Each structure stands twice: as structure tokens, then as C-alpha cells.
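Quick look at start-v8.csv (CSV, C-alpha atoms):
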chain,number,residue,atom,x,y,z
A,1,MET,CA,-43.0,-70.7,-107.8
A,2,ARG,CA,-39.4,-71.5,-108.6
A,3,PHE,CA,-37.6,-70.7,-111.9
A,4,VAL,CA,-34.6,-72.8,-112.7
A,5,PRO,CA,-33.0,-72.1,-116.1
A,6,THR,CA,-32.5,-75.0,-118.4
A,7,THR,CA,-29.2,-75.9,-119.9
A,8,GLU,CA,-30.3,-74.4,-123.2
A,9,GLN,CA,-31.3,-71.1,-121.5
A,10,ARG,CA,-28.0,-70.9,-119.7
A,11,ASP,CA,-26.1,-71.5,-122.9
A,12,PHE,CA,-28.1,-68.8,-124.6
A,13,THR,CA,-27.3,-66.2,-122.0
A,14,ARG,CA,-23.6,-67.2,-121.9
A,15,SER,CA,-23.4,-66.9,-125.7
A,16,LEU,CA,-25.1,-63.5,-125.6
A,17,ASP,CA,-22.8,-62.3,-122.8
A,18,ALA,CA,-19.8,-63.5,-124.8
A,19,LEU,CA,-21.1,-61.7,-128.0
A,20,LEU,CA,-21.6,-58.5,-126.1
A,21,THR,CA,-18.3,-58.7,-124.3
A,22,ALA,CA,-16.5,-59.0,-127.6
A,23,CYS,CA,-18.2,-55.8,-128.8
A,24,ASP,CA,-17.3,-52.3,-127.8
A,25,THR,CA,-20.7,-51.4,-126.4
A,26,PRO,CA,-19.5,-48.2,-124.6
A,27,LYS,CA,-18.3,-46.9,-127.9
A,28,ALA,CA,-21.7,-47.8,-129.5
A,29,VAL,CA,-23.6,-46.0,-126.7
A,30,ARG,CA,-21.5,-42.9,-127.0
A,31,SER,CA,-21.9,-42.9,-130.8
A,32,TRP,CA,-25.7,-43.4,-130.4
A,33,ALA,CA,-25.8,-40.4,-128.0
A,34,ALA,CA,-24.0,-38.3,-130.6
A,35,GLY,CA,-26.4,-39.2,-133.3
A,36,ASP,CA,-24.2,-41.7,-135.1
A,37,HIS,CA,-26.3,-44.9,-135.2
A,38,GLY,CA,-23.9,-47.0,-137.3
A,39,PRO,CA,-22.2,-48.9,-134.5
A,40,GLY,CA,-25.4,-49.4,-132.7
A,41,ARG,CA,-27.2,-50.7,-135.8
A,42,ALA,CA,-24.3,-53.1,-136.4
A,43,LEU,CA,-24.7,-54.4,-132.9
A,44,TRP,CA,-28.4,-54.8,-133.4
A,45,ARG,CA,-27.8,-57.0,-136.5
A,46,ARG,CA,-25.5,-59.2,-134.4
A,47,LEU,CA,-28.2,-59.5,-131.7
A,48,ALA,CA,-30.7,-60.4,-134.4
A,49,GLY,CA,-28.4,-63.2,-135.5
A,50,ALA,CA,-28.4,-64.5,-131.9
A,51,GLY,CA,-32.2,-64.6,-132.0
A,52,VAL,CA,-32.8,-61.8,-129.5
A,53,PHE,CA,-35.5,-60.0,-131.5
A,54,ALA,CA,-37.3,-63.3,-132.3
A,55,LEU,CA,-38.2,-64.0,-128.6
A,56,ALA,CA,-41.5,-62.1,-128.7
A,57,ALA,CA,-42.6,-63.1,-132.2
A,58,PRO,CA,-44.8,-65.9,-133.4
A,59,GLU,CA,-43.3,-68.7,-135.4
A,60,ALA,CA,-45.5,-68.0,-138.4
A,61,TYR,CA,-43.4,-64.8,-139.0
A,62,GLY,CA,-40.0,-66.3,-138.3
A,63,GLY,CA,-40.1,-65.8,-134.6
A,64,ALA,CA,-39.1,-68.2,-131.8
A,65,GLY,CA,-42.7,-68.6,-130.7
A,66,ARG,CA,-43.0,-66.1,-127.8
A,67,LEU,CA,-40.6,-67.0,-125.0
A,68,PRO,CA,-41.0,-64.6,-122.1
A,69,PRO,CA,-38.4,-66.3,-119.8
A,70,GLU,CA,-35.8,-66.2,-122.6
A,71,LEU,CA,-36.7,-62.6,-123.4
A,72,ALA,CA,-36.2,-61.6,-119.7
A,73,MET,CA,-32.8,-63.4,-119.7
A,74,ALA,CA,-31.8,-61.7,-122.9
A,75,HIS,CA,-32.8,-58.2,-121.7
A,76,ARG,CA,-31.0,-58.7,-118.5
A,77,GLU,CA,-27.8,-59.2,-120.5
A,78,LEU,CA,-28.6,-56.2,-122.7
A,79,GLY,CA,-28.9,-54.1,-119.5
A,80,ARG,CA,-25.6,-55.5,-118.1
A,81,HIS,CA,-23.9,-54.4,-121.3
A,82,ALA,CA,-25.7,-51.1,-121.8
A,83,VAL,CA,-26.8,-51.8,-125.3
A,84,PRO,CA,-28.3,-48.7,-126.9
A,85,GLY,CA,-31.5,-48.2,-128.8
A,86,PRO,CA,-35.2,-48.7,-128.3
A,87,LEU,CA,-34.9,-52.3,-127.3
A,88,VAL,CA,-37.9,-52.4,-124.9
A,89,GLU,CA,-40.0,-50.6,-127.5
A,90,THR,CA,-38.9,-53.1,-130.2
A,91,ALA,CA,-40.0,-56.0,-128.0
A,92,ALA,CA,-43.3,-54.2,-127.3
A,93,ALA,CA,-43.9,-53.6,-131.0
A,94,THR,CA,-43.1,-57.2,-131.8
A,95,ALA,CA,-45.7,-58.4,-129.3
A,96,LEU,CA,-48.2,-55.9,-130.6
A,97,LEU,CA,-47.8,-56.9,-134.2
A,98,GLY,CA,-47.9,-60.6,-133.4
A,99,ARG,CA,-51.1,-60.2,-131.4
A,100,LEU,CA,-52.8,-58.2,-134.2
A,101,ALA,CA,-51.9,-61.1,-136.6
A,102,ASP,CA,-53.4,-63.6,-134.2
A,103,ALA,CA,-56.6,-61.6,-134.2
A,104,GLY,CA,-56.9,-61.5,-137.9
A,105,VAL,CA,-55.0,-58.4,-138.8
A,106,PRO,CA,-51.8,-59.8,-140.3
A,107,GLY,CA,-50.9,-56.9,-142.6
A,108,PRO,CA,-48.7,-54.9,-140.2
A,109,ALA,CA,-46.8,-58.0,-139.0
A,110,GLU,CA,-46.2,-59.2,-142.6
A,111,ARG,CA,-44.9,-55.8,-143.5
A,112,LEU,CA,-42.7,-54.9,-140.4
A,113,LEU,CA,-41.7,-58.1,-138.6
A,114,PRO,CA,-39.2,-59.6,-141.3
A,115,GLY,CA,-36.9,-56.5,-141.2
A,116,LEU,CA,-37.3,-56.2,-137.4
A,117,LEU,CA,-36.4,-59.8,-136.7
A,118,ALA,CA,-33.4,-59.6,-139.0
A,119,GLY,CA,-32.1,-56.6,-137.3
A,120,GLU,CA,-32.3,-54.6,-140.5
A,121,ALA,CA,-35.1,-52.3,-139.3
A,122,VAL,CA,-35.3,-50.5,-135.9
A,123,VAL,CA,-38.9,-50.0,-134.8
A,124,THR,CA,-40.0,-47.8,-131.9
A,125,LEU,CA,-43.4,-47.5,-130.3
A,126,ALA,CA,-45.3,-44.9,-128.5
A,127,VAL,CA,-48.5,-45.7,-126.5
A,128,PRO,CA,-50.7,-43.6,-124.3
A,129,GLU,CA,-49.1,-45.1,-121.2
A,130,GLY,CA,-45.9,-43.4,-122.2
A,131,GLY,CA,-47.4,-39.9,-122.3
A,132,GLY,CA,-47.3,-39.7,-126.1
A,133,TRP,CA,-43.5,-39.6,-126.2
A,134,VAL,CA,-41.5,-41.8,-128.6
A,135,LEU,CA,-38.0,-43.0,-127.8
A,136,ASP,CA,-35.1,-42.7,-130.3
A,137,PRO,CA,-37.2,-41.9,-133.4
A,138,ASP,CA,-34.2,-40.5,-135.1
A,139,GLY,CA,-32.5,-43.9,-135.1
A,140,ALA,CA,-35.7,-45.9,-136.1
A,141,ASP,CA,-36.9,-47.0,-139.5
A,142,ALA,CA,-40.5,-47.1,-138.3
A,143,VAL,CA,-42.3,-45.1,-135.6
A,144,LEU,CA,-45.5,-46.8,-134.5
A,145,VAL,CA,-47.9,-44.6,-132.6
A,146,VAL,CA,-51.1,-45.7,-130.7
A,147,ALA,CA,-53.4,-42.8,-129.9
A,148,ALA,CA,-57.1,-42.0,-129.8
A,149,GLY,CA,-58.6,-41.4,-133.2
A,150,PRO,CA,-61.4,-38.8,-134.1
A,151,GLY,CA,-64.1,-41.1,-132.6
A,152,GLY,CA,-62.1,-41.8,-129.5
A,153,ALA,CA,-61.2,-45.4,-130.4
A,154,ALA,CA,-57.5,-46.3,-130.3
A,155,GLU,CA,-55.7,-46.2,-133.6
A,156,LEU,CA,-52.3,-47.6,-134.6
A,157,ARG,CA,-50.5,-45.4,-137.2
A,158,LEU,CA,-47.1,-45.4,-138.9
A,159,ALA,CA,-46.0,-41.9,-138.0
A,160,PRO,CA,-44.6,-39.8,-141.0
A,161,GLY,CA,-41.9,-38.3,-138.8
A,162,HIS,CA,-41.3,-36.7,-135.4
A,163,GLY,CA,-40.8,-33.4,-133.8
A,164,PRO,CA,-37.7,-31.9,-132.1
A,165,LEU,CA,-35.6,-34.3,-130.1
A,166,HIS,CA,-35.5,-33.8,-126.3
A,167,ALA,CA,-32.6,-35.0,-124.1
A,168,SER,CA,-33.3,-37.3,-121.2
A,169,LEU,CA,-31.2,-38.2,-118.2
A,170,ASP,CA,-29.5,-40.7,-120.4
A,171,PRO,CA,-27.9,-39.0,-123.5
A,172,ALA,CA,-28.4,-42.2,-125.5
A,173,ARG,CA,-32.2,-42.0,-124.9
A,174,ARG,CA,-33.8,-39.2,-126.9
A,175,LEU,CA,-37.5,-38.4,-126.8
A,176,ALA,CA,-39.7,-36.7,-129.3
A,177,ARG,CA,-43.4,-36.2,-130.1
A,178,PRO,CA,-44.4,-38.1,-133.2
A,179,ASP,CA,-45.9,-36.2,-136.1
A,180,PRO,CA,-49.6,-36.5,-136.2
A,181,GLY,CA,-51.3,-38.5,-138.9
A,182,GLY,CA,-49.6,-41.2,-140.9
A,183,GLU,CA,-50.8,-44.5,-142.4
A,184,LEU,CA,-53.5,-46.2,-140.4
A,185,LEU,CA,-52.5,-49.8,-139.6
A,186,ALA,CA,-55.2,-51.0,-137.1
A,187,ALA,CA,-58.0,-49.7,-134.9
A,188,GLY,CA,-60.8,-50.8,-132.6
A,189,PRO,CA,-61.1,-53.4,-129.9
A,190,VAL,CA,-58.6,-55.7,-131.5
A,191,LEU,CA,-56.0,-53.0,-131.1
A,192,ASP,CA,-56.9,-52.4,-127.4
A,193,GLU,CA,-56.1,-56.0,-126.6
A,194,ALA,CA,-52.9,-55.9,-128.6
A,195,VAL,CA,-51.7,-52.8,-126.8
A,196,GLY,CA,-52.3,-54.5,-123.5
A,197,CYS,CA,-50.1,-57.4,-124.6
A,198,ALA,CA,-47.4,-54.9,-125.8
A,199,VAL,CA,-47.4,-53.2,-122.4
A,200,ARG,CA,-47.0,-56.5,-120.6
A,201,TRP,CA,-44.0,-57.5,-122.7
A,202,ALA,CA,-42.5,-54.0,-122.4
A,203,ARG,CA,-42.7,-54.1,-118.6
A,204,LEU,CA,-41.0,-57.5,-118.6
A,205,ALA,CA,-38.2,-56.3,-120.8
A,206,ALA,CA,-37.7,-53.0,-119.0
A,207,ALA,CA,-37.6,-54.8,-115.6
A,208,ALA,CA,-35.1,-57.3,-116.8
A,209,GLN,CA,-32.9,-54.6,-118.2
A,210,ALA,CA,-33.1,-52.7,-114.9
A,211,VAL,CA,-31.9,-55.8,-113.1
A,212,GLY,CA,-28.9,-56.1,-115.5
A,213,VAL,CA,-28.1,-52.4,-115.0
A,214,ALA,CA,-28.1,-52.9,-111.2
A,215,GLU,CA,-25.9,-56.0,-111.5
A,216,GLU,CA,-23.3,-54.2,-113.6
A,217,LEU,CA,-23.3,-51.1,-111.3
A,218,LEU,CA,-22.8,-53.3,-108.3
A,219,ARG,CA,-20.0,-55.3,-110.0
A,220,ARG,CA,-18.1,-52.1,-111.0
A,221,THR,CA,-18.6,-50.5,-107.6
A,222,VAL,CA,-17.3,-53.6,-105.7
A,223,ALA,CA,-14.3,-53.7,-107.9
A,224,TYR,CA,-13.6,-50.0,-107.3
A,225,VAL,CA,-13.9,-50.1,-103.5
A,226,ARG,CA,-11.6,-53.0,-103.4
A,227,GLN,CA,-8.8,-51.1,-105.1
A,228,ARG,CA,-9.4,-47.5,-103.8
A,229,VAL,CA,-7.3,-46.9,-100.7
A,230,GLN,CA,-7.9,-44.4,-97.8
A,231,PHE,CA,-6.0,-44.3,-94.5
A,232,GLY,CA,-3.9,-47.2,-95.8
A,233,VAL,CA,-6.7,-49.7,-96.3
A,234,PRO,CA,-9.3,-50.3,-99.2
A,235,ILE,CA,-12.5,-48.3,-98.6
A,236,GLY,CA,-14.4,-51.6,-99.1
A,237,SER,CA,-13.3,-52.6,-95.6
A,238,PHE,CA,-15.3,-49.7,-94.1
A,239,GLN,CA,-18.5,-50.8,-92.4
A,240,ALA,CA,-20.5,-47.9,-93.9
A,241,VAL,CA,-19.4,-49.0,-97.4
A,242,LYS,CA,-20.3,-52.6,-96.7
A,243,HIS,CA,-23.8,-51.6,-95.6
A,244,ARG,CA,-24.4,-49.6,-98.8
A,245,LEU,CA,-23.3,-52.5,-101.0
A,246,ALA,CA,-25.4,-55.0,-98.9
A,247,ASP,CA,-28.5,-52.8,-99.4
A,248,THR,CA,-27.9,-52.8,-103.1
A,249,LEU,CA,-27.4,-56.5,-103.3
A,250,LEU,CA,-30.5,-57.1,-101.2
A,251,ALA,CA,-32.6,-55.0,-103.5
A,252,MET,CA,-31.2,-56.7,-106.6
A,253,GLU,CA,-31.7,-60.2,-105.2
A,254,PHE,CA,-35.3,-59.4,-104.3
A,255,ALA,CA,-36.0,-58.0,-107.8
A,256,ARG,CA,-34.5,-60.8,-109.9
A,257,PRO,CA,-36.9,-63.6,-108.9
A,258,LEU,CA,-39.9,-61.3,-109.2
A,259,VAL,CA,-38.8,-60.7,-112.8
A,260,TYR,CA,-38.4,-64.3,-113.6
A,261,GLY,CA,-41.7,-65.1,-111.9
A,262,ALA,CA,-43.5,-62.5,-113.9
A,263,ALA,CA,-41.9,-64.0,-117.1
A,264,LEU,CA,-43.6,-67.3,-116.3
A,265,THR,CA,-47.1,-65.8,-115.7
A,266,LEU,CA,-47.2,-62.5,-117.6
A,267,ALA,CA,-49.9,-61.6,-115.1
A,268,PRO,CA,-50.3,-57.8,-114.9
A,269,GLY,CA,-49.9,-57.7,-111.1
A,270,ASP,CA,-46.8,-59.8,-111.2
A,271,LEU,CA,-45.3,-57.6,-113.9
A,272,ALA,CA,-46.1,-54.5,-112.0
A,273,ALA,CA,-44.4,-55.9,-108.9
A,274,ALA,CA,-41.4,-56.9,-110.9
A,275,LYS,CA,-41.1,-53.6,-112.6
A,276,ALA,CA,-41.3,-51.6,-109.4
A,277,ALA,CA,-38.8,-53.8,-107.6
A,278,ALA,CA,-36.3,-53.9,-110.5
A,279,GLY,CA,-36.5,-50.2,-111.1
A,280,GLU,CA,-35.9,-49.4,-107.5
A,281,ALA,CA,-33.0,-51.9,-107.4
A,282,ALA,CA,-31.3,-50.1,-110.4
A,283,TYR,CA,-31.8,-46.7,-108.8
A,284,THR,CA,-30.4,-47.9,-105.5
A,285,ALA,CA,-27.4,-49.3,-107.3
A,286,ALA,CA,-26.9,-46.1,-109.2
A,287,ARG,CA,-27.0,-44.0,-106.0
A,288,ALA,CA,-24.6,-46.3,-104.2
A,289,ALA,CA,-22.2,-46.4,-107.2
A,290,LEU,CA,-22.2,-42.6,-107.5
A,291,GLN,CA,-21.5,-42.0,-103.7
A,292,LEU,CA,-18.8,-44.7,-103.4
A,293,HIS,CA,-17.0,-43.6,-106.5
A,294,GLY,CA,-16.8,-40.1,-105.3
A,295,ALA,CA,-16.0,-37.2,-107.7
A,296,ILE,CA,-14.8,-39.6,-110.4
A,297,GLY,CA,-18.3,-41.0,-110.6
A,298,TYR,CA,-19.5,-37.7,-112.1
A,299,THR,CA,-17.2,-37.8,-115.1
A,300,GLU,CA,-18.7,-38.8,-118.4
A,301,GLU,CA,-15.3,-40.3,-119.5
A,302,LEU,CA,-15.8,-43.1,-117.0
A,303,ASP,CA,-17.8,-45.9,-118.5
A,304,LEU,CA,-19.7,-46.1,-115.2
A,305,SER,CA,-21.7,-43.1,-116.4
A,306,LEU,CA,-23.4,-45.2,-119.1
A,307,TRP,CA,-25.1,-47.3,-116.5
A,308,LEU,CA,-25.6,-44.5,-113.9
A,309,ARG,CA,-27.6,-42.4,-116.4
A,310,ARG,CA,-29.7,-45.3,-117.6
A,311,ALA,CA,-31.0,-46.4,-114.2
A,312,ARG,CA,-33.5,-43.6,-113.6
A,313,PRO,CA,-35.1,-43.6,-117.0
A,314,LEU,CA,-35.5,-47.4,-116.9
A,315,ARG,CA,-37.0,-47.1,-113.5
A,316,ASP,CA,-39.7,-44.7,-114.7
A,317,ALA,CA,-40.3,-46.1,-118.3
A,318,TRP,CA,-43.4,-48.2,-118.9
A,319,GLY,CA,-44.7,-47.6,-115.4
A,320,THR,CA,-43.2,-45.6,-112.5
A,321,PRO,CA,-42.7,-47.4,-109.1
A,322,ALA,CA,-45.8,-45.5,-107.8
A,323,GLN,CA,-47.9,-46.5,-110.7
A,324,CYS,CA,-46.8,-50.1,-110.5
A,325,ARG,CA,-47.4,-50.3,-106.7
A,326,ALA,CA,-50.9,-49.0,-107.2
A,327,GLU,CA,-51.5,-51.7,-109.8
A,328,VAL,CA,-50.2,-54.4,-107.5
A,329,LEU,CA,-52.6,-53.3,-104.8
A,330,ALA,CA,-55.5,-53.3,-107.2
A,331,ALA,CA,-54.6,-56.7,-108.5
A,332,TYR,CA,-54.1,-58.5,-105.2
A,333,ARG,CA,-56.4,-56.6,-102.9
Rewrite the structure of this file - the entire thing - as C-alpha cells.
Amino acid sequence: MRFVPTTEQRDFTRSLDALLTACDTPKAVRSWAAGDHGPGRALWRRLAGAGVFALAAPEAYGGAGRLPPELAMAHRELGRHAVPGPLVETAAATALLGRLADAGVPGPAERLLPGLLAGEAVVTLAVPEGGGWVLDPDGADAVLVVAAGPGGAAELRLAPGHGPLHASLDPARRLARPDPGGELLAAGPVLDEAVGCAVRWARLAAAAQAVGVAEELLRRTVAYVRQRVQFGVPIGSFQAVKHRLADTLLAMEFARPLVYGAALTLAPGDLAAAKAAAGEAAYTAARAALQLHGAIGYTEELDLSLWLRRARPLRDAWGTPAQCRAEVLAAYR
């Protein structure tokens, strides 16, 4: 299978890159981490205007008609620019709401999708696969929770709030337990199928973001080793440094086609393979960047830290490498 982006797809990613380059995303990330969501929300509205949040939504609700390759390309750019917020969870929630509408439960989609697609509402989602944690509930307008109901069947509820916030490795990613109860939106077998769809889209988005994080970490590290001098020469000329960078590039180049291949099929096994490879590529890039930057790599003042601290959470979100590898073995045994 070979994925060659069309002219329209390339133009879309170039315009998205230009939009994000013109924005001060490091400032937005730091503000988000400090609890000030204003700059991040303003950025989300601009992304909505570019059509980013419409890529997983059906046309009947103002979406672009479900475009997995375009979603993967967009989230790769979001990862490259370290855009804050529950972006993966928003894509998953969009897919879930759209699939419920397809199955004859349009109420939640009619209620939540207009604001979500316009960038006016931030929606985050918690599912059993995430251990019951919800990401960035303090910055969200709606917290959707999938959990087992009294009879054991899955239920989708609009949580009334959330518990204390817990820090993660990335200060801009805060976790909490959703408050129990809340308005019941959907339940039963139709929800089970919709949750499966949401997990597939979430894995695609998370894998694509991880590739973008790896690319930016490698770009910044290569620029640094070219200008950092030891013993009278740039450290990038040292053989050991070249090997670390080559290993990072190899992991990244291996992961990228897996992500785009998974975008074309949305097959669970393909998505698991893409997620495992992309997560490991991001983590490999983070370790290389930290080692080759030396002591300065540990400083929060350096923008590099925004990508360094995102690599590990993205690697483990929506399926750890071990979980994804087990699923690949089960799918293609």
C-alpha cells in the first residue's frame, strides 16, 4: 500500500503549518499548563476555522465527511507545533457522537457537535481503555464519560464535574477522575460499537501527533548539534552523535508510513501497529534530544521541554506499546 498526498492535502497541511507558525504556541502551552485557557481556546477557534475539528464528523452535522488521512495529517502538524488541549479526545468524541447518530441516536450529536466543530466548545472524553481518567477537564465545556452502568452495560454520560486535578509528565496535560452520575446520553450495544469507533480514531490521532512530536524534536536537536561546539568542532560531527540522530530518524521514518497506512484502512491491527511505532519514535526522539542538548535540555525555559514532556504521555495514551503489540499479534497471528 502506498499513500501519496494529493495537491489539496498538501495545501491543507501547508496552510495549517503557516497558521500555527504565526501563532505563539509555546506561550499558549505554558498558559494552559498554568490554568489560563484563554490563549489555547483562541488557538482552537482558529483551528476550527481551518476545518481541523470537522475531519471526523459526518457532513449532516457540518463536518467534512470523515477523512482519516486528512485527520492524520492535521494531527501531525498539531504535534509538530505542540498545540495544547484534549485534541485526541475531541477527535474521539466527534467520532463517537457521529457513529451514535448513524445508529439512530442523533440527540448527543445535535447537541454537542455544532459548538465542537466551531471551536467554541472543548469536549474531552474518558473511556474504560483510559483507566477512567479524563484529560484536561478543567479546560473543557463538556466531559463525556463511558463507564459500566448498574446492569453492567456501557453508558455514556455527561459528567457534572470532576475531581482533583493530577499532574502528568506534561504540565499541559492534567488528569482527573470524572464525578459520577450526570445526564445519560446513550447506552447499550449501539454505544459499544460507537466506543470502538472512537478508540480507532483516537489511536490514529495520537499516533499522528507522536510522529509530529518526533519530527520537531529531531529538527531542533539537529539544529542544536550543528551550532554547539566542543574541541573546536560542532558536536554534530561526532560519530556517536550521528548514530543517535540516525536511530531517531529511522524510527520516525518507519512510523510515518504505518500511520498513513492505518489512516487508509482504520483496521484495528494497523492502528495498533502505527500507535506502537509512533509512540516509540517520539520517545526515542525525546531521549536523544535530552542527551544531546545536555544540561540545557532539562530547563523548562527552553521551548524544547514542551515537546520533551509530551512524548512519553502520547506514547502511552490510548494504548501503551505493549498493549498495541499484543493487539497486532492477535490481529495478524
As an exercise, work out the distance from atom CA of Leu158 of chain A to atom CA of Asp170 of chain A in Å and give it to one decimal place.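 Atom-to-atom, atom CA of Leu158 of chain A and atom CA of Asp170 of chain A are spaced 26.0 Å apart.
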Mind checking which residues fall within 10 Å of Pro69 of chain A, counting all atoms listed in the file, ignoring those fewer than 6 positions away in the same chain, and posting them as number ranges by chain? A: 3, 5, 9, 55, 204, 259-266
Could you tell me how far atom CA of Asp141 of chain A sits from atom CA of Val123 of chain A, in Å to one decimal place? 5.9 Å
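One distance worth recording is that between atom CA of Ala210 of chain A and atom CA of Met73 of chain A, which is 11.7 Å.
Distance check against Ala172 of chain A using all atoms listed in the file: of A:Gly149, A:Gly132, A:Gly35, A:Pro58, the minimum falls on A:Gly35.
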Go through A:Leu249, A:Leu169, A:Leu43, A:Val328 and flag the residue nearest Ala22 of chain A, using all atoms listed in the file for the distances. A:Leu43
Mind checking which residues fall within 9 Å of Ala48 of chain A, counting all atoms listed in the file, ignoring those fewer than 5 positions away in the same chain, and posting them as a list in words?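 Contacts, with the query itself left out: Leu43, Phe53, Ala54, Leu116, Leu117, Ala118, Gly119 and Glu120 of chain A.
Of the listed residues (A:Val122, A:Leu184, A:Ala251, A:Val127), A:Ala251 comes nearest to Leu218 of chain A; the distances count all atoms listed in the file.
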Out of A:Leu87, A:Ala33, A:Leu19, A:Leu156, which residue has the shortest atom-to-atom distance to Arg46 of chain A when counting all atoms listed in the file?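 That would be A:Leu19, the residue with the smallest distance to Arg46 of chain A.
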Could segment 91-105 of chain A be written out with N, CA, C and O atoms, as a PDB file, in the first residue's frame, please?
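The result, stored in result-v7.pdb:
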ATOM      1  N   ALA A  91     -11.262  14.524  18.921  1.00  0.00           N
ATOM      2  CA  ALA A  91     -11.457  13.724  17.714  1.00  0.00           C
ATOM      3  C   ALA A  91     -12.228  12.447  18.035  1.00  0.00           C
ATOM      4  O   ALA A  91     -13.121  12.035  17.280  1.00  0.00           O
ATOM      5  N   ALA A  92     -11.881  11.809  19.161  1.00  0.00           N
ATOM      6  CA  ALA A  92     -12.577  10.579  19.568  1.00  0.00           C
ATOM      7  C   ALA A  92     -14.038  10.862  19.874  1.00  0.00           C
ATOM      8  O   ALA A  92     -14.930  10.094  19.485  1.00  0.00           O
ATOM      9  N   ALA A  93     -14.305  11.964  20.577  1.00  0.00           N
ATOM     10  CA  ALA A  93     -15.683  12.313  20.915  1.00  0.00           C
ATOM     11  C   ALA A  93     -16.492  12.617  19.654  1.00  0.00           C
ATOM     12  O   ALA A  93     -17.665  12.231  19.546  1.00  0.00           O
ATOM     13  N   THR A  94     -15.873  13.286  18.698  1.00  0.00           N
ATOM     14  CA  THR A  94     -16.548  13.577  17.430  1.00  0.00           C
ATOM     15  C   THR A  94     -16.928  12.290  16.713  1.00  0.00           C
ATOM     16  O   THR A  94     -18.057  12.142  16.212  1.00  0.00           O
ATOM     17  N   ALA A  95     -15.980  11.343  16.657  1.00  0.00           N
ATOM     18  CA  ALA A  95     -16.265  10.065  16.006  1.00  0.00           C
ATOM     19  C   ALA A  95     -17.364   9.307  16.738  1.00  0.00           C
ATOM     20  O   ALA A  95     -18.246   8.708  16.112  1.00  0.00           O
ATOM     21  N   LEU A  96     -17.325   9.335  18.053  1.00  0.00           N
ATOM     22  CA  LEU A  96     -18.337   8.632  18.854  1.00  0.00           C
ATOM     23  C   LEU A  96     -19.728   9.222  18.621  1.00  0.00           C
ATOM     24  O   LEU A  96     -20.696   8.493  18.390  1.00  0.00           O
ATOM     25  N   LEU A  97     -19.821  10.540  18.673  1.00  0.00           N
ATOM     26  CA  LEU A  97     -21.123  11.193  18.504  1.00  0.00           C
ATOM     27  C   LEU A  97     -21.667  10.957  17.089  1.00  0.00           C
ATOM     28  O   LEU A  97     -22.868  10.723  16.907  1.00  0.00           O
ATOM     29  N   GLY A  98     -20.792  11.024  16.102  1.00  0.00           N
ATOM     30  CA  GLY A  98     -21.234  10.778  14.735  1.00  0.00           C
ATOM     31  C   GLY A  98     -21.714   9.357  14.524  1.00  0.00           C
ATOM     32  O   GLY A  98     -22.706   9.121  13.832  1.00  0.00           O
ATOM     33  N   ARG A  99     -21.029   8.379  15.123  1.00  0.00           N
ATOM     34  CA  ARG A  99     -21.449   6.996  14.965  1.00  0.00           C
ATOM     35  C   ARG A  99     -22.766   6.733  15.690  1.00  0.00           C
ATOM     36  O   ARG A  99     -23.614   5.972  15.200  1.00  0.00           O
ATOM     37  N   LEU A 100     -22.982   7.367  16.839  1.00  0.00           N
ATOM     38  CA  LEU A 100     -24.276   7.241  17.513  1.00  0.00           C
ATOM     39  C   LEU A 100     -25.392   7.788  16.631  1.00  0.00           C
ATOM     40  O   LEU A 100     -26.480   7.189  16.540  1.00  0.00           O
ATOM     41  N   ALA A 101     -25.135   8.925  15.983  1.00  0.00           N
ATOM     42  CA  ALA A 101     -26.146   9.499  15.092  1.00  0.00           C
ATOM     43  C   ALA A 101     -26.443   8.566  13.931  1.00  0.00           C
ATOM     44  O   ALA A 101     -27.611   8.390  13.540  1.00  0.00           O
ATOM     45  N   ASP A 102     -25.408   7.936  13.384  1.00  0.00           N
ATOM     46  CA  ASP A 102     -25.607   6.980  12.288  1.00  0.00           C
ATOM     47  C   ASP A 102     -26.490   5.815  12.736  1.00  0.00           C
ATOM     48  O   ASP A 102     -27.241   5.256  11.927  1.00  0.00           O
ATOM     49  N   ALA A 103     -26.385   5.448  14.014  1.00  0.00           N
ATOM     50  CA  ALA A 103     -27.119   4.291  14.535  1.00  0.00           C
ATOM     51  C   ALA A 103     -28.502   4.657  15.062  1.00  0.00           C
ATOM     52  O   ALA A 103     -29.158   3.824  15.695  1.00  0.00           O
ATOM     53  N   GLY A 104     -28.929   5.895  14.818  1.00  0.00           N
ATOM     54  CA  GLY A 104     -30.267   6.283  15.224  1.00  0.00           C
ATOM     55  C   GLY A 104     -30.370   6.976  16.562  1.00  0.00           C
ATOM     56  O   GLY A 104     -31.461   7.098  17.123  1.00  0.00           O
ATOM     57  N   VAL A 105     -29.226   7.452  17.098  1.00  0.00           N
ATOM     58  CA  VAL A 105     -29.235   8.207  18.359  1.00  0.00           C
ATOM     59  C   VAL A 105     -28.620   9.575  18.071  1.00  0.00           C
ATOM     60  O   VAL A 105     -27.454   9.842  18.395  1.00  0.00           O
TER      61      VAL A 105
END
